[in-house]
Amino acid sequence: MAVARKIREFMEQGSWIRKMFEDGIVLRQQYGDENVFDLSLGNPIMEPPREFFDQLRRIADDPTPGMHRYMPNSGYPHARAAVAAQLREETGLDFTADHALMTVGAGGAMNVVLKALLDPGDEVIIFAPYFVEYHYYADNHGGSCRVVPPDESYLPDLDAFEASFNDKTRIVLINSPNNPTGVVYSAELLARMCDVIRAKEAELGREIFLVSDEPYRKLLFDGLSYPHVFDHHVRAIVATSHSKDLALPGERIGYVAAHPEYEDCAELMDGFSFANRVLGFVNAPALMQHIVAHLQSVTVDVGEYQAKRDYLYESLTGMGYETVKPQGAFYMFPVSPAEDEMDFVDALREHNVLVVPGRGFGLPGYFRISFCVDDRTLQGAMDGFREAIARFR
């Protein structure tokens with residue numbers, strides 16, 4: 001037996017996203033790239049913005065001595081200061097470099113936060129549909145997840161949310177704009193959720209942190225503004241990355257930021273720095289820290305994603321699909337025309353269209369489409385969607 005029993009079980013459960021991606025490789029070998037329409041993986045098709053390459057050339061042409069050496073565990077002071085300056089501008093709160101820590105992407109950020117906050121047996125409240133790896137991240141650090149179901153708009157059912165707390169609750173974890181639905185948590189919803197959190201803190205006699213996983217924060221449509229969690233709870237923490245807003249998923253660069261008015265923020269940040277080291281991340285990539293320090297106000301052309309969303313939404317609803325219109329990110333989460341969404345996913349696969357079943361996000365009966373693909377792939381998939389829904393209608 002080569003691996004631990006628990007890891008083997010997790011591997012068997014696996015990630016539906018990766019399974020479908022690997023399925024796409026097989027189909028391409030059979031039918032050719034141009035005949036496969038893979039909408040399974042959230043791997044941005046866009047290239048990084050021009051400013052990224054400007055900074056890359058600047059560093060290559062005039063490198064600073066020592067710029068690739070070790071730095072403090074929390075990251076370069078100037079990179080953290082740049083993150084803090086952007087957050088200060090967006091929130092009006094007095095963020096400084098001491099309130100930010102550079103991480104190896106959002107996954108690294110999440111694991112740093114959970115490592116620092118969870119005691120064995122602690123629980124993390126998450127909301128279906130969710131990013132499946134939250135379960136594995138919590139388990140990494142001795143915790144577990146308690147799942148709250150959604151309402152008809154894919155937003156948290158607040159009655160179920162309130163009922164989900166117990167004396168082991170340590171973290172409430174949200175993801176907005178959401179993967180897989182694209183919905184955005186409004187300021188009003190956040191305020192109501194944080195009222196519940198504070199009431200439960202008083203009832204249970206323990207601190208409860210609101211952790212916001214927000215790599216899609218800057219990918220908002222229709223002129224929406226992002227409602228920051230920092231406006232609603234002093235024990236708020238953001239974990240994010242530049243994988244989506246700068247189209248840099250392979251560079252693994254992100255950060256953690258904590259509310260500057262939290263009374264134990266210095267100890268919290270020390271805990272994050274320690275966790276960053278002992279988890280083996282040690283530091284976020286040096287080169288990327290130097291670059292993104294100059295790009296905190298830059299993002300890809302969100303208009304391109306909005307145009308793809310509009311095309312997909314109008315096409316699918318015109319065929320009879322039911323779905324909430326995404327407000328951000330680059331995913332859509334329609335209702336499956338088949339009672340068992342695996343039957344529908346298989347029907348799409350017969351037309352070389354790949355999507356991810358909703359059970360991969362804790363919500364069977366739906367399926368996820370990733371529209372961060374080229375227009376040829378998106379448009380080429382429409383015949384398959386049309387044929388598949390006709391079969392089940």
# chains A, B, ... in the order shown; residues from 1 in each chain; ligands from 1

$ select_by_dssp --residues "region 115-288 of chain A" --states "helix (DSSP H, G or I)" --output "PyMOL selection string"
chain A and resi 115-117+133-140+158-163+187-204+229-231+249-251+265-278+286-288

$ select_by_dssp --residues "region 198-310 of chain A" --states "strand (DSSP E or B)" --output "PyMOL selection string"
chain A and resi 209-213+220+236-241+254-258

$ closest_atom_pairs --of "region 73-100 of chain A" --to "region 109-124 of chain A" --cutoff "12 Å" --atoms "only C-alpha atoms" --output "tab-separated table"
residue	atom	partner	partner_atom	distance
A:Asn73	CA	A:Val112	CA	11.8
A:Ser74	CA	A:Val112	CA	11.0
A:Ala100	CA	A:Ala109	CA	10.9

$ closest_atom_pairs --of "region 192-267 of chain A" --to "region 325-338 of chain A" --cutoff "7 Å" --atoms "only C-alpha atoms" --output "CSV"
residue,atom,partner,partner_atom,distance
A:Tyr216,CA,A:Ala329,CA,5.2
A:Leu219,CA,A:Ala329,CA,5.3
A:Leu220,CA,A:Gly328,CA,4.2
A:Phe221,CA,A:Gln327,CA,5.4

$ closest_residue --among "A:Met382, A:Phe10, A:Gln30, A:Glu90" --to "Asn140 (chain A)" --atoms "only C-alpha atoms"
A:Phe10

$ residues_around --residues "Pro149 (chain A)" --least-positions-apart "6" --cutoff "8 Å" --atoms "only C-alpha atoms" --output "list in words"
Phe127, Ala128, Pro129, Pro156, Asp157 and Ala160 of chain A

$ write_last_selection --atoms "C-alpha atoms" --output "CSV table (one decimal), in the first residue's frame"
chain,number,residue,atom,x,y,z
A,127,PHE,CA,-21.7,27.0,1.5
A,128,ALA,CA,-22.9,24.7,-1.3
A,129,PRO,CA,-22.1,24.8,-4.1
A,156,PRO,CA,-26.7,30.9,1.7
A,157,ASP,CA,-29.9,29.8,3.3
A,160,ALA,CA,-29.7,26.9,7.8

$ residues_around --residues "His99 (chain A)" --least-positions-apart "3" --cutoff "9 Å" --atoms "only C-alpha atoms" --output "MDAnalysis selection string"
chainID A and resid 80:81 84 95:96 256:260 265:266 269

$ residues_around --residues "Gly250 (chain A)" --least-positions-apart "4" --cutoff "10 Å" --atoms "only C-alpha atoms" --output "list in words"
Asn43, Gly105, His242 and Ser243 of chain A

$ residues_around --residues "Ser186 (chain A)" --least-positions-apart "5" --cutoff "9 Å" --atoms "only C-alpha atoms" --output "compact mmCIF listing (two decimals) with C-alpha atoms, in the first residue's frame"
# COMPACT_ATOMS: atom_id res chain seq x y z
CA ALA A 191 -24.15 42.36 7.01
CA TYR A 226 -17.26 44.64 -4.78
CA PRO A 227 -18.60 44.63 -1.19

$ closest_residue --among "A:Val26, A:Leu378, A:Met342, A:Ala286" --to "Tyr311 (chain A)" --atoms "only C-alpha atoms"
A:Leu378

$ decode --residues "region 217-267 of chain A" --atoms "N, CA and C atoms" --output "compact mmCIF listing (two decimals), in the first residue's frame"
# COMPACT_ATOMS: atom_id res chain seq x y z
N ARG A 217 -12.39 38.52 -7.30
CA ARG A 217 -12.91 39.79 -6.79
C ARG A 217 -12.97 40.89 -7.85
N LYS A 218 -12.01 40.93 -8.74
CA LYS A 218 -11.97 42.01 -9.73
C LYS A 218 -12.68 41.65 -11.03
N LEU A 219 -13.22 40.43 -11.12
CA LEU A 219 -13.93 40.02 -12.33
C LEU A 219 -15.43 40.17 -12.08
N LEU A 220 -15.91 41.40 -12.14
CA LEU A 220 -17.31 41.74 -11.89
C LEU A 220 -17.94 42.30 -13.15
N PHE A 221 -19.22 41.98 -13.36
CA PHE A 221 -19.93 42.38 -14.58
C PHE A 221 -20.98 43.45 -14.28
N ASP A 222 -21.42 44.08 -15.34
CA ASP A 222 -22.55 45.01 -15.29
C ASP A 222 -22.32 46.18 -14.34
N GLY A 223 -21.07 46.59 -14.18
CA GLY A 223 -20.77 47.76 -13.35
C GLY A 223 -20.88 47.53 -11.86
N LEU A 224 -20.95 46.27 -11.41
CA LEU A 224 -21.05 45.99 -9.98
C LEU A 224 -19.78 46.42 -9.25
N SER A 225 -19.97 46.86 -8.00
CA SER A 225 -18.84 47.16 -7.12
C SER A 225 -18.71 46.03 -6.11
N TYR A 226 -17.49 45.77 -5.68
CA TYR A 226 -17.26 44.64 -4.78
C TYR A 226 -17.50 45.05 -3.33
N PRO A 227 -18.39 44.34 -2.61
CA PRO A 227 -18.60 44.63 -1.19
C PRO A 227 -17.57 43.88 -0.33
N HIS A 228 -16.67 44.60 0.28
CA HIS A 228 -15.59 43.98 1.05
C HIS A 228 -16.09 43.43 2.38
N VAL A 229 -15.56 42.28 2.77
CA VAL A 229 -15.91 41.69 4.06
C VAL A 229 -15.39 42.54 5.21
N PHE A 230 -14.34 43.30 4.97
CA PHE A 230 -13.75 44.11 6.04
C PHE A 230 -14.72 45.16 6.58
N ASP A 231 -15.74 45.48 5.81
CA ASP A 231 -16.74 46.45 6.26
C ASP A 231 -17.70 45.85 7.27
N HIS A 232 -17.65 44.53 7.48
CA HIS A 232 -18.73 43.89 8.22
C HIS A 232 -18.30 43.09 9.44
N HIS A 233 -17.03 42.75 9.56
CA HIS A 233 -16.60 41.92 10.68
C HIS A 233 -15.13 42.20 10.97
N VAL A 234 -14.82 42.49 12.23
CA VAL A 234 -13.44 42.85 12.57
C VAL A 234 -12.52 41.63 12.50
N ARG A 235 -13.09 40.45 12.63
CA ARG A 235 -12.28 39.23 12.49
C ARG A 235 -12.43 38.69 11.07
N ALA A 236 -12.22 39.58 10.10
CA ALA A 236 -12.31 39.22 8.69
C ALA A 236 -10.91 39.03 8.11
N ILE A 237 -10.78 38.01 7.26
CA ILE A 237 -9.51 37.67 6.61
C ILE A 237 -9.80 37.42 5.14
N VAL A 238 -8.94 37.95 4.28
CA VAL A 238 -9.05 37.70 2.84
C VAL A 238 -7.91 36.80 2.40
N ALA A 239 -8.24 35.77 1.63
CA ALA A 239 -7.26 34.91 0.97
C ALA A 239 -7.52 35.00 -0.52
N THR A 240 -6.50 35.37 -1.29
CA THR A 240 -6.75 35.60 -2.71
C THR A 240 -5.49 35.33 -3.52
N SER A 241 -5.64 35.47 -4.83
CA SER A 241 -4.49 35.29 -5.73
C SER A 241 -4.66 36.19 -6.94
N HIS A 242 -3.60 36.25 -7.74
CA HIS A 242 -3.65 36.98 -9.00
C HIS A 242 -3.80 36.03 -10.19
N SER A 243 -4.23 34.81 -9.92
CA SER A 243 -4.40 33.83 -11.00
C SER A 243 -5.43 34.27 -12.02
N LYS A 244 -6.49 34.91 -11.56
CA LYS A 244 -7.60 35.26 -12.44
C LYS A 244 -7.54 36.71 -12.87
N ASP A 245 -7.32 37.64 -11.94
CA ASP A 245 -7.38 39.06 -12.33
C ASP A 245 -6.20 39.49 -13.18
N LEU A 246 -5.06 38.78 -13.07
CA LEU A 246 -3.91 39.07 -13.93
C LEU A 246 -3.60 37.91 -14.89
N ALA A 247 -4.45 36.88 -14.89
CA ALA A 247 -4.27 35.71 -15.76
C ALA A 247 -2.90 35.07 -15.54
N LEU A 248 -2.59 34.80 -14.27
CA LEU A 248 -1.29 34.23 -13.90
C LEU A 248 -1.43 32.95 -13.08
N PRO A 249 -2.32 32.02 -13.45
CA PRO A 249 -2.51 30.85 -12.58
C PRO A 249 -1.27 30.01 -12.39
N GLY A 250 -0.41 29.95 -13.39
CA GLY A 250 0.79 29.13 -13.27
C GLY A 250 1.88 29.74 -12.42
N GLU A 251 1.75 31.02 -12.09
CA GLU A 251 2.81 31.68 -11.32
C GLU A 251 2.61 31.56 -9.82
N ARG A 252 1.42 31.15 -9.38
CA ARG A 252 1.15 30.88 -7.97
C ARG A 252 1.53 32.05 -7.07
N ILE A 253 0.85 33.17 -7.25
CA ILE A 253 1.14 34.34 -6.44
C ILE A 253 -0.16 34.93 -5.89
N GLY A 254 -0.21 35.08 -4.58
CA GLY A 254 -1.40 35.62 -3.93
C GLY A 254 -1.03 36.24 -2.60
N TYR A 255 -2.05 36.48 -1.77
CA TYR A 255 -1.76 37.05 -0.45
C TYR A 255 -2.89 36.77 0.53
N VAL A 256 -2.58 36.94 1.80
CA VAL A 256 -3.54 36.95 2.89
C VAL A 256 -3.53 38.34 3.49
N ALA A 257 -4.70 38.87 3.83
CA ALA A 257 -4.79 40.15 4.51
C ALA A 257 -5.78 40.03 5.65
N ALA A 258 -5.45 40.65 6.79
CA ALA A 258 -6.32 40.61 7.97
C ALA A 258 -6.77 42.01 8.33
N HIS A 259 -7.94 42.08 8.93
CA HIS A 259 -8.53 43.38 9.30
C HIS A 259 -7.57 44.15 10.23
N PRO A 260 -7.21 45.38 9.86
CA PRO A 260 -6.22 46.11 10.67
C PRO A 260 -6.72 46.51 12.05
N GLU A 261 -8.03 46.47 12.28
CA GLU A 261 -8.57 46.89 13.57
C GLU A 261 -8.81 45.71 14.51
N TYR A 262 -8.51 44.51 14.07
CA TYR A 262 -8.62 43.35 14.96
C TYR A 262 -7.56 43.48 16.05
N GLU A 263 -7.98 43.36 17.30
CA GLU A 263 -7.08 43.68 18.41
C GLU A 263 -5.88 42.75 18.51
N ASP A 264 -6.02 41.53 18.03
CA ASP A 264 -4.91 40.58 18.08
C ASP A 264 -4.30 40.35 16.70
N CYS A 265 -4.37 41.39 15.86
CA CYS A 265 -3.92 41.22 14.48
C CYS A 265 -2.43 40.91 14.39
N ALA A 266 -1.61 41.50 15.26
CA ALA A 266 -0.17 41.24 15.21
C ALA A 266 0.12 39.77 15.47
N GLU A 267 -0.55 39.19 16.47
CA GLU A 267 -0.35 37.77 16.75
C GLU A 267 -0.87 36.92 15.59
